[in-house]
Structure formats: C-alpha cells, structure tokens
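*Asks:* If you scroll down you'll find the structure; I have some questions about it.
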Amino acid sequence: MKTDIEIAQSVEMKPIAEIAASLGIDEKYVESYGKYKAKIDPACVADCKKEGKLILVTAITPTPAGEGKTTTTCGLADGLKRIGKKVVVALREPSLGPVFGKKGGAAGGGYAQVVPMEDINLHFTGDIHAIGAANNLLAAMLDNHIYQGNALGIDPEKVTWKRCVDMNDRQLRFIRDGIGGKTGGVPRDDGFDITVASEVMAVLCLATSLTDLKERLSRIVVGYTYDGKPVTCGDLKAAGAMTALLKDALKPNLVQTLEHTPAFIHGGPFANIAHGCNSVSATKLALKLGDYVVTEAGFGADLGAEKFLDIKCRYAGLKPSAVVIVATIRALKMHGGADKNDLAQEDLERLEKGLPNLLRHVKNITTVYKLPAVVAVNRFPDDTEKEIELVINKCKNLGVNVVLSEVWAKGGEGGIDLAKEVVALCEKENEFTFSYELNKSIEEKLNDIVRKIYGGSGVVFTEEASKEASKLTELGYDKLPICVAKTQYSFSDDPTKLGAPEDFFVTVRKIKVSAGAGFLVALTGDIMTMPGLPKVPAAENIDVDGTGKITGLF
C-alpha cells in the first residue's frame, strides 16, 4: 500500500483557476499562490442570498489508534460529489507543531485527502506565520511601552500576553527575558505559546471582515495595571498594524481533494487549547458557493464539536443540518481496555466494552444539541467482519444511525452510502440548541458543560481560578461563552480515564479572558499551550531529494 504522500503525489491536480471556476468564482476574486492554491476574496459572494446545508464531522474520544475525521470529511465530500451534489469542503490549516511532532499532518489520508498535501502541511499560504508576526508585534509593543516609561501603569508581573512560535518547543514554555542590562528591556517572567493557541488565531477565525478583525484585536487584554484594570491592544495602539499584517491572511484559501472537490482550508486553532474550528469567513463563503458544505471540528465531539456548536455557531449564526460522528474499531477497542499493540487482533469483548464512549457522543449531539446524526465507522484494513457487524448491530439495536465508511481505501466511492445518509438527514427539520445559556455565571456554564457533555458530576475551582472568576465577573466578562482547555483523550480532565467515565469532577486551575475572540478560557488538568516534541519526532523521517520532492509526511 502506498503511503499518504505517495498517493497524493500520484494524482494529477487541476489548476486552481479551474476549481474556482467550478464554483462560479470570477477570476478577479482569485489570488493564486502558484498553480494549485489560491486565496479567494469573500466579496465574490457579496450579493449572494443562497445558503447551503452545513454538515459537521466530529468523532469519538481520540486514541493513538486514530479516528480519521479529515479523511472522512474529504471522502464524504467526494461521495456527495459522486451522487451529483455541489459540495465544498471547509477545513482547518495544519500547524507545524504536530506535523513535525507526534500526530503528523492534517490533510486526510489514503484516497481521501486534500492536495497539495506538502504545501498544506508546511507553509501553505503563510497565514500562520502572519498570525505569529501579529502576535509578536503586540508583545514587542507591550514590552516597549513598559520600557519607554509605562504611561499606562502596566504591572510587569501581571502581563498575560505571551510570544508565540508555530513549533512544539517545551524549552520556551517558561522564560525570563529583558535581562540584557539597561538597554535590554525590563526583566520579567515570560513564555511562548504555540501559534495556533494564540488569541490572534481565534480572533482571525471568528472575524467576519477587516473592520471586525481590527475591533476584535483592539479588545484583546494583554495584562493589568498596578490597580488591577485591564490593558488592551487598543490601549497600546497596536490593532492597526496587526490588521495590516493579517489583511491577506483573513481571505480563505482554496485547494482541492484528490477527486477535485473544492476545499477551503483556513485557520487552525487547536481544539484542546482553543476553539478548534476553521474560520467563520471560510465556512460562510463555502455556504454561499455550495449546496452542501462538509466541515470538521478538532479532536472528539466533547471538545471540537462542543466549541463549534456553543461558540462558533452562536457567534456566526450558523445552524448545522447534520452531524457525522467518526468511530473506528481500533479506537473503540482501546476504550474497552485493549492494549495499543494488540489492536490488529479480533477482540469482540473489548470492542463492546468501548462502545459507551461512542454512545455518549451520539447522545450529546442528538439530545443536548438536538441535531440529526449518523455514525461513520471508518474501516481499517485489519478490522474483521465480525467486529464491524458487532458495532453496526449494537448501534442499530439502540436506535443509533450507523454507516460503514471505506473512504480511506476507496475515496469517494467508499463514501457514497454515507453521502446518501447525510443527504437524507439534511432534509429533516431540527431544533438546534446550545448546551448552556450565556446569561448564566461562569461556574454554572462550566457545570453545564461538565454534566451535559462530559458526563461528570460538576466542576471544582482552585483558589486561583475562583479569584480569577470573581475578577472577570467584576470586569463584566462573565457572560461570554466558555472555551474549556482540557485533555483530548478523555471525557474527564484525566487522560487515563478512557471509555465513558462517570462520577468525576473537572478541576479548573485557571481562567483567562480572550476578549478579542469573545470567550473565556478555562484551563484544566495538565493541558499546556506550548506542546513538546516526542522522543522520536516525525521530523526525523521527513526529507527532500535533489529535485525538491518531499518524503516522510503523513
């Protein structure tokens, strides 16, 4: 079997102008970045009243065995195209951190990918670099203000804004800077986030125009004065220059799947430390251009889907028509207690024990958010017929809609059954609702998320988090949505609790405001905003030959 990158390199892509033309986009709105990728000016749909059907692809709680959300998203879109539907994909941009770290790229897999996968997984059109530059400009202006006399009275010990770099680099989590003497700045404790965890990324993904982008950037809180008042990006007069750096990055990027289905890839906040969805601008543009739009949210439904529905849809006024929940036999066996080294062996007992994880995600989507859903069993080569039959029969016996997906091996052909089911679901009326109301307190909203979505008993605040919640309430930020930063490997804040744990409390150790993005971030467990590389990083296997051909990406 060919590797993902070998498959991607074996397919002849269409010029991006043809892909844009297939959507009816006039060439004056197409800004090409080489032959096979382009930025699209959203002005191309300024007078369009059309609104396509929005399909969200999410998944069970992830494991090292893999689930395949992006693969399913691409394959489903190609399946919809094969049954005659006008469809557009809307995905996140990959971060260099996972690409060179443990997870690898994020362009799909097998015969269900977006291309050019090398470009998408590496520098692409430079959006993430622009976000890093804007973030670090703000950091530089903040420290310069303190150094140049500190007219705003910023307390250096209460600076909350960090620098960022799009790389997994644990060495930069905690640093002390400004230690170069009198002309070297003001010494203070500092640190780096990975760029996709920067609030600038969240702001870009939720902004609807350049004006909205500038206003959101202005509201970013970078620290507090000696008397406890918030200091914003607007106070530092940085928003204009940051917007200038992000002017082109705000425009969605157009590429294609292996079967030439149009795909917008734009924005890439992590789902465990940010809100985990592609940009509002790309999603809305896709909805104007296609009859069906297939998008995804990061990690499991308790993280990415929850934030997609409670944050992105709330702000953007989006209403999904259907949800696809991706599951694999391998991951379900791990949730049932199977060792990751034994997943190729048939194990019906542990497979059945792992099913509650899937069922809780299904229940959340259908009963909490009241959306029609289908489970897509993403088939792997070593799945046995008995295992597949067990999952399908158990789901059907419990009234859970389920379809076998073979897009990894067969591309769009393997997604036709799933596509037909999704089209049927999209015709149903739904009463989409949120998991919490904004007028509740910070603690009440967190309790709603933990109890309704995670299946836990409630939330516990550390002393520091309790003080922060009180301060944020006093400052008027308590009515914002909540973005929970927690492990992706469990419904709980303990990554070792697999399956569908019960009777647990989630400990919130810190709460901070992302006023520009428009939400509060609740940090739980050991979650970090700057990941580290594994013992054997994926970067060790990535290479390029004398002709410029890249190998080792996955």
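In the structure tokens, chains take letters A, B, ... by order of appearance, with residues numbered from 1 within each chain and ligands from 1 in the order shown.
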What's the 9 Å shell around Leu355 (chain A), counting only C-alpha atoms, without same-chain residues fewer than 5 positions away, as a compact mmCIF listing (two decimals) with C-alpha atoms, in the first residue's frame?
*Replies:*
# COMPACT_ATOMS: atom_id res chain seq x y z
CA LEU A 332 -13.27 1.54 20.41
CA LYS A 333 -11.21 -1.48 21.41
CA HIS A 335 -11.64 2.47 25.05
CA GLY A 336 -12.65 -1.05 26.08
CA ARG A 350 -13.20 -5.16 24.46
CA ARG A 360 -22.24 9.19 24.86
CA VAL A 391 -20.66 -2.26 16.06
CA LYS A 394 -25.29 -2.75 18.55
CA CYS A 395 -25.79 0.77 17.24
CA GLY A 499 -14.38 4.94 27.70
CA ALA A 500 -17.29 6.79 29.28
*Asks:* Enumerate, as a ChimeraX atom specification, the complete set of residues in region 44-162 of chain A that a backbone-based DSSP assignment places in helix (DSSP H, G or I).
*Replies:* /A:44-45,69-82,96-100,117-121,127-147
*Asks:* CA of Val484 (chain A) to CA of Leu246 (chain A): how many Å, to one decimal?
*Replies:*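 Answer for the CA of Val484 (chain A) to CA of Leu246 (chain A) separation: 26.3 Å.
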*Asks:* Report as a list in words all protein, DNA and RNA residues lying within 10 Å of Asp494 (chain A), evaluated on only C-alpha atoms, omitting residues in the same chain fewer than 5 positions from it.
*Replies:*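 Selected residues are Lys486, Thr487, Gln488, Tyr489, Phe504, Phe505, Val506, Thr507, Thr524, Gly525 and Asp526 of chain A.
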*Asks:* Would you mind exporting the chosen residues as a compact mmCIF listing (two decimals), in the first residue's frame, restricted to N, CA and C atoms?
*Replies:*
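Dumped everything to part-v1.txt:
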# COMPACT_ATOMS: atom_id res chain seq x y z
N LYS A 486 -8.78 21.25 27.84
CA LYS A 486 -8.58 20.00 28.59
C LYS A 486 -8.00 18.93 27.68
N THR A 487 -7.62 17.81 28.28
CA THR A 487 -7.08 16.70 27.50
C THR A 487 -8.09 16.23 26.47
N GLN A 488 -7.59 15.83 25.31
CA GLN A 488 -8.46 15.28 24.27
C GLN A 488 -8.71 13.79 24.44
N TYR A 489 -8.00 13.15 25.37
CA TYR A 489 -8.02 11.69 25.46
C TYR A 489 -9.09 11.13 26.39
N PHE A 504 -17.10 11.88 38.15
CA PHE A 504 -15.83 12.61 38.26
C PHE A 504 -16.11 14.11 38.27
N PHE A 505 -15.18 14.85 38.83
CA PHE A 505 -15.23 16.31 38.81
C PHE A 505 -14.08 16.82 37.94
N VAL A 506 -14.31 17.90 37.24
CA VAL A 506 -13.27 18.54 36.44
C VAL A 506 -12.73 19.73 37.23
N THR A 507 -11.43 19.76 37.44
CA THR A 507 -10.80 20.84 38.19
C THR A 507 -10.32 21.94 37.25
N THR A 524 -7.71 23.28 32.43
CA THR A 524 -7.89 22.15 33.33
C THR A 524 -6.70 21.19 33.22
N GLY A 525 -6.57 20.32 34.22
CA GLY A 525 -5.56 19.27 34.17
C GLY A 525 -4.17 19.81 33.88
N ASP A 526 -3.42 19.04 33.10
CA ASP A 526 -2.05 19.42 32.77
C ASP A 526 -1.95 20.01 31.37
*Asks:* Which polymer residues have any atom within 12 Å of an atom of region 344-349 of chain A, counting only C-alpha atoms, with same-chain residues fewer than 5 positions away left out, as a list in words?
*Replies:*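 Residues meeting the cut-off are Ala65, Ile329, Arg330, Ala331, Leu332, Lys333, Met334, His335, Gly336, Gly337, Ala338, Asp339, Gly354, Leu355, Phe380, Pro381, Asp382, Asp383, Thr384, Glu385, Lys386, Glu387, Ile388, Glu389, Leu390, Val391 and Lys394 of chain A.
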*Asks:* Hey, what's within 6 Å of Asp4 (chain A) if we count only C-alpha atoms and toss same-chain stuff fewer than 5 positions away? As a ChimeraX atom specification, please?
*Replies:* /A:109-110,554
*Asks:* Pick out the closest residue to Thr367 (chain A) from this set: A:Arg176, A:Arg379, A:Lys452, A:Lys35. Count only C-alpha atoms.
*Replies:* A:Lys452
*Asks:* Using only C-alpha atoms, find each residue in region 313-411 of chain A having at least one atom no more than 12 Å away from region 66-88 of chain A; report its shortest atom-to-atom pair and that distance in Å (one decimal), rows by chain then rising number, as a Markdown table.
*Replies:*
| residue | atom | partner | partner_atom | distance |
| --- | --- | --- | --- | --- |
| A:Val323 | CA | A:Thr73 | CA | 11.1 |
| A:Val324 | CA | A:Thr73 | CA | 9.0 |
| A:Ile325 | CA | A:Lys69 | CA | 8.5 |
| A:Val326 | CA | A:Lys69 | CA | 6.3 |
| A:Ala327 | CA | A:Glu67 | CA | 5.9 |
| A:Thr328 | CA | A:Glu67 | CA | 5.7 |
| A:Ile329 | CA | A:Glu67 | CA | 9.1 |
| A:Arg330 | CA | A:Gly66 | CA | 7.7 |
| A:Ala331 | CA | A:Gly66 | CA | 6.6 |
| A:Leu332 | CA | A:Glu67 | CA | 9.7 |
| A:Lys333 | CA | A:Gly66 | CA | 11.7 |
| A:Met334 | CA | A:Gly66 | CA | 10.5 |
| A:Lys340 | CA | A:Gly66 | CA | 10.8 |
| A:Leu343 | CA | A:Gly66 | CA | 11.3 |
| A:Leu358 | CA | A:Glu67 | CA | 11.8 |
| A:Val375 | CA | A:Thr72 | CA | 11.2 |
| A:Ala376 | CA | A:Thr72 | CA | 8.1 |
| A:Val377 | CA | A:Glu67 | CA | 9.2 |
| A:Asn378 | CA | A:Gly68 | CA | 7.1 |
| A:Arg379 | CA | A:Glu67 | CA | 9.6 |
| A:Phe380 | CA | A:Glu67 | CA | 9.7 |
| A:Val403 | CA | A:Leu76 | CA | 11.6 |
| A:Leu404 | CA | A:Thr72 | CA | 11.0 |
| A:Ser405 | CA | A:Thr72 | CA | 7.7 |
| A:Glu406 | CA | A:Gly75 | CA | 8.4 |
| A:Val407 | CA | A:Gly75 | CA | 5.0 |
| A:Trp408 | CA | A:Thr71 | CA | 6.5 |
| A:Ala409 | CA | A:Gly75 | CA | 9.8 |
| A:Lys410 | CA | A:Gly75 | CA | 8.5 |
| A:Gly411 | CA | A:Gly75 | CA | 5.4 |
*Asks:* Pick out the residues sitting within 7 Å of Gly552 (chain A), and hand them over as a VMD selection string; count only C-alpha atoms, and ignore anything fewer than 5 positions along from it in its own chain.
*Replies:* chain A and resid 541 to 543
*Asks:* Restricting it to N, CA, C and O atoms, dump the selection as a short mmCIF file (atom, residue, chain, number, x, y, z; two decimals), in the first residue's frame.
*Replies:*
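Resulting contents of part.cif:
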data_model
loop_
_atom_site.label_atom_id
_atom_site.label_comp_id
_atom_site.auth_asym_id
_atom_site.auth_seq_id
_atom_site.Cartn_x
_atom_site.Cartn_y
_atom_site.Cartn_z
N ASN A 541 11.89 11.72 10.15
CA ASN A 541 11.62 10.91 8.96
C ASN A 541 11.24 11.74 7.74
O ASN A 541 10.93 11.18 6.69
N ILE A 542 11.23 13.04 7.88
CA ILE A 542 10.87 13.91 6.76
C ILE A 542 12.14 14.35 6.03
O ILE A 542 13.12 14.74 6.65
N ASP A 543 12.09 14.27 4.70
CA ASP A 543 13.28 14.59 3.90
C ASP A 543 12.84 15.15 2.56
O ASP A 543 11.66 15.12 2.21
#
*Asks:* If you count only C-alpha atoms, which residues fall within 10 Å of region 184-188 of chain A, apart from same-chain ones fewer than 4 positions away, as a VMD selection string?
*Replies:* chain A and resid 143 to 144 146 to 148 156 to 159 175 to 180
*Asks:* Selected residues, C-alpha atoms, written as a PDB file, in the first residue's frame, please.
*Replies:*
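Here's the written file result16.pdb:
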ATOM      1  CA  ASP A 143       7.268  45.488  26.441  1.00  0.00           C
ATOM      2  CA  ASN A 144       8.445  48.593  24.623  1.00  0.00           C
ATOM      3  CA  ILE A 146       6.828  49.424  29.711  1.00  0.00           C
ATOM      4  CA  TYR A 147      10.451  50.176  28.843  1.00  0.00           C
ATOM      5  CA  GLN A 148       9.692  53.646  27.457  1.00  0.00           C
ATOM      6  CA  PRO A 156       5.076  43.698  34.609  1.00  0.00           C
ATOM      7  CA  GLU A 157       4.054  40.892  36.956  1.00  0.00           C
ATOM      8  CA  LYS A 158       0.501  40.976  35.568  1.00  0.00           C
ATOM      9  CA  VAL A 159       1.327  40.774  31.853  1.00  0.00           C
ATOM     10  CA  ILE A 175      11.442  32.012  30.263  1.00  0.00           C
ATOM     11  CA  ARG A 176      12.802  35.181  31.826  1.00  0.00           C
ATOM     12  CA  ASP A 177      13.546  37.969  29.380  1.00  0.00           C
ATOM     13  CA  GLY A 178      14.681  41.576  29.349  1.00  0.00           C
ATOM     14  CA  ILE A 179      17.841  40.623  31.222  1.00  0.00           C
ATOM     15  CA  GLY A 180      20.333  42.310  28.898  1.00  0.00           C
TER      16      GLY A 180
END
*Asks:* Using only C-alpha atoms, pick whichever of A:Gly191, A:Gly228, A:Gly548, A:Pro262 has the shortest atom-to-atom distance to Leu289 (chain A).
*Replies:* A:Pro262
*Asks:* Each residue of region 453-536 of chain A with at least one atom at most 12 Å from region 264-285 of chain A should appear once, together with its nearest atom pair and the corresponding distance in Å (one decimal); atoms considered: only C-alpha atoms; ordering: chain, then increasing residue number; output as JSON lines.
*Replies:*
{"residue": "A:Pro481", "atom": "CA", "partner": "A:His275", "partner_atom": "CA", "distance": 10.8}
{"residue": "A:Ile482", "atom": "CA", "partner": "A:His275", "partner_atom": "CA", "distance": 9.5}
{"residue": "A:Cys483", "atom": "CA", "partner": "A:His275", "partner_atom": "CA", "distance": 6.3}
{"residue": "A:Val484", "atom": "CA", "partner": "A:Ile273", "partner_atom": "CA", "distance": 7.4}
{"residue": "A:Ala485", "atom": "CA", "partner": "A:Ile273", "partner_atom": "CA", "distance": 4.5}
{"residue": "A:Lys486", "atom": "CA", "partner": "A:Asn272", "partner_atom": "CA", "distance": 5.5}
{"residue": "A:Thr487", "atom": "CA", "partner": "A:Asn272", "partner_atom": "CA", "distance": 6.1}
{"residue": "A:Gln488", "atom": "CA", "partner": "A:Asn272", "partner_atom": "CA", "distance": 5.9}
{"residue": "A:Tyr489", "atom": "CA", "partner": "A:Asn272", "partner_atom": "CA", "distance": 9.6}
{"residue": "A:Ser490", "atom": "CA", "partner": "A:Asn272", "partner_atom": "CA", "distance": 11.1}
{"residue": "A:Phe491", "atom": "CA", "partner": "A:Asn272", "partner_atom": "CA", "distance": 11.7}
{"residue": "A:Asp493", "atom": "CA", "partner": "A:Asn272", "partner_atom": "CA", "distance": 10.9}
{"residue": "A:Ser514", "atom": "CA", "partner": "A:Ala274", "partner_atom": "CA", "distance": 10.2}
{"residue": "A:Ala517", "atom": "CA", "partner": "A:His275", "partner_atom": "CA", "distance": 9.8}
{"residue": "A:Gly518", "atom": "CA", "partner": "A:His275", "partner_atom": "CA", "distance": 11.1}
{"residue": "A:Phe519", "atom": "CA", "partner": "A:His275", "partner_atom": "CA", "distance": 9.4}
{"residue": "A:Leu520", "atom": "CA", "partner": "A:Ala274", "partner_atom": "CA", "distance": 10.2}
{"residue": "A:Val521", "atom": "CA", "partner": "A:Ala274", "partner_atom": "CA", "distance": 7.8}
{"residue": "A:Ala522", "atom": "CA", "partner": "A:Ile273", "partner_atom": "CA", "distance": 9.2}
{"residue": "A:Leu523", "atom": "CA", "partner": "A:Ile273", "partner_atom": "CA", "distance": 8.0}
{"residue": "A:Thr524", "atom": "CA", "partner": "A:Ile273", "partner_atom": "CA", "distance": 9.8}
{"residue": "A:Gly525", "atom": "CA", "partner": "A:Asn272", "partner_atom": "CA", "distance": 11.3}
{"residue": "A:Asp526", "atom": "CA", "partner": "A:Ile273", "partner_atom": "CA", "distance": 11.1}
{"residue": "A:Ile527", "atom": "CA", "partner": "A:Ile273", "partner_atom": "CA", "distance": 7.3}
{"residue": "A:Met528", "atom": "CA", "partner": "A:Ile273", "partner_atom": "CA", "distance": 7.4}
{"residue": "A:Thr529", "atom": "CA", "partner": "A:Ile273", "partner_atom": "CA", "distance": 6.2}
{"residue": "A:Met530", "atom": "CA", "partner": "A:Ile273", "partner_atom": "CA", "distance": 9.4}
{"residue": "A:Pro531", "atom": "CA", "partner": "A:Ile273", "partner_atom": "CA", "distance": 10.3}
*Asks:* Please, which residues of region 406-471 of chain A, numbered as in this document, come out strand (DSSP E) from DSSP, as a PyMOL selection string?
*Replies:* chain A and resi 458-461
*Asks:* If you keep all heavy atoms, can you produce a file of those selected residues as a PDB file, in the first residue's frame?
*Replies:*
ATOM      1  N   GLY A 458     -19.576  17.587  37.990  1.00  0.00           N
ATOM      2  CA  GLY A 458     -19.513  19.030  38.111  1.00  0.00           C
ATOM      3  C   GLY A 458     -18.092  19.543  38.031  1.00  0.00           C
ATOM      4  O   GLY A 458     -17.159  18.803  37.713  1.00  0.00           O
ATOM      5  N   VAL A 459     -17.943  20.822  38.340  1.00  0.00           N
ATOM      6  CA  VAL A 459     -16.655  21.491  38.233  1.00  0.00           C
ATOM      7  C   VAL A 459     -16.170  21.925  39.612  1.00  0.00           C
ATOM      8  O   VAL A 459     -16.971  22.234  40.485  1.00  0.00           O
ATOM      9  CB  VAL A 459     -16.755  22.708  37.282  1.00  0.00           C
ATOM     10  CG1 VAL A 459     -17.660  23.786  37.861  1.00  0.00           C
ATOM     11  CG2 VAL A 459     -15.393  23.281  36.970  1.00  0.00           C
ATOM     12  N   VAL A 460     -14.855  21.901  39.792  1.00  0.00           N
ATOM     13  CA  VAL A 460     -14.220  22.378  41.013  1.00  0.00           C
ATOM     14  C   VAL A 460     -13.199  23.443  40.628  1.00  0.00           C
ATOM     15  O   VAL A 460     -12.398  23.230  39.716  1.00  0.00           O
ATOM     16  CB  VAL A 460     -13.527  21.225  41.775  1.00  0.00           C
ATOM     17  CG1 VAL A 460     -12.768  21.768  42.983  1.00  0.00           C
ATOM     18  CG2 VAL A 460     -14.541  20.184  42.208  1.00  0.00           C
ATOM     19  N   PHE A 461     -13.220  24.591  41.321  1.00  0.00           N
ATOM     20  CA  PHE A 461     -12.254  25.655  41.060  1.00  0.00           C
ATOM     21  C   PHE A 461     -11.111  25.583  42.061  1.00  0.00           C
ATOM     22  O   PHE A 461     -11.322  25.362  43.254  1.00  0.00           O
ATOM     23  CB  PHE A 461     -12.909  27.032  41.214  1.00  0.00           C
ATOM     24  CG  PHE A 461     -13.805  27.439  40.077  1.00  0.00           C
ATOM     25  CD1 PHE A 461     -14.486  28.642  40.117  1.00  0.00           C
ATOM     26  CD2 PHE A 461     -13.982  26.623  38.976  1.00  0.00           C
ATOM     27  CE1 PHE A 461     -15.314  29.034  39.074  1.00  0.00           C
ATOM     28  CE2 PHE A 461     -14.810  26.998  37.936  1.00  0.00           C
ATOM     29  CZ  PHE A 461     -15.475  28.205  37.979  1.00  0.00           C
TER      30      PHE A 461
END
*Asks:* Please measure the separation of CA of Ala140 (chain A) and CA of Arg163 (chain A), giving the value in Å to one decimal.
*Replies:* 8.7 Å
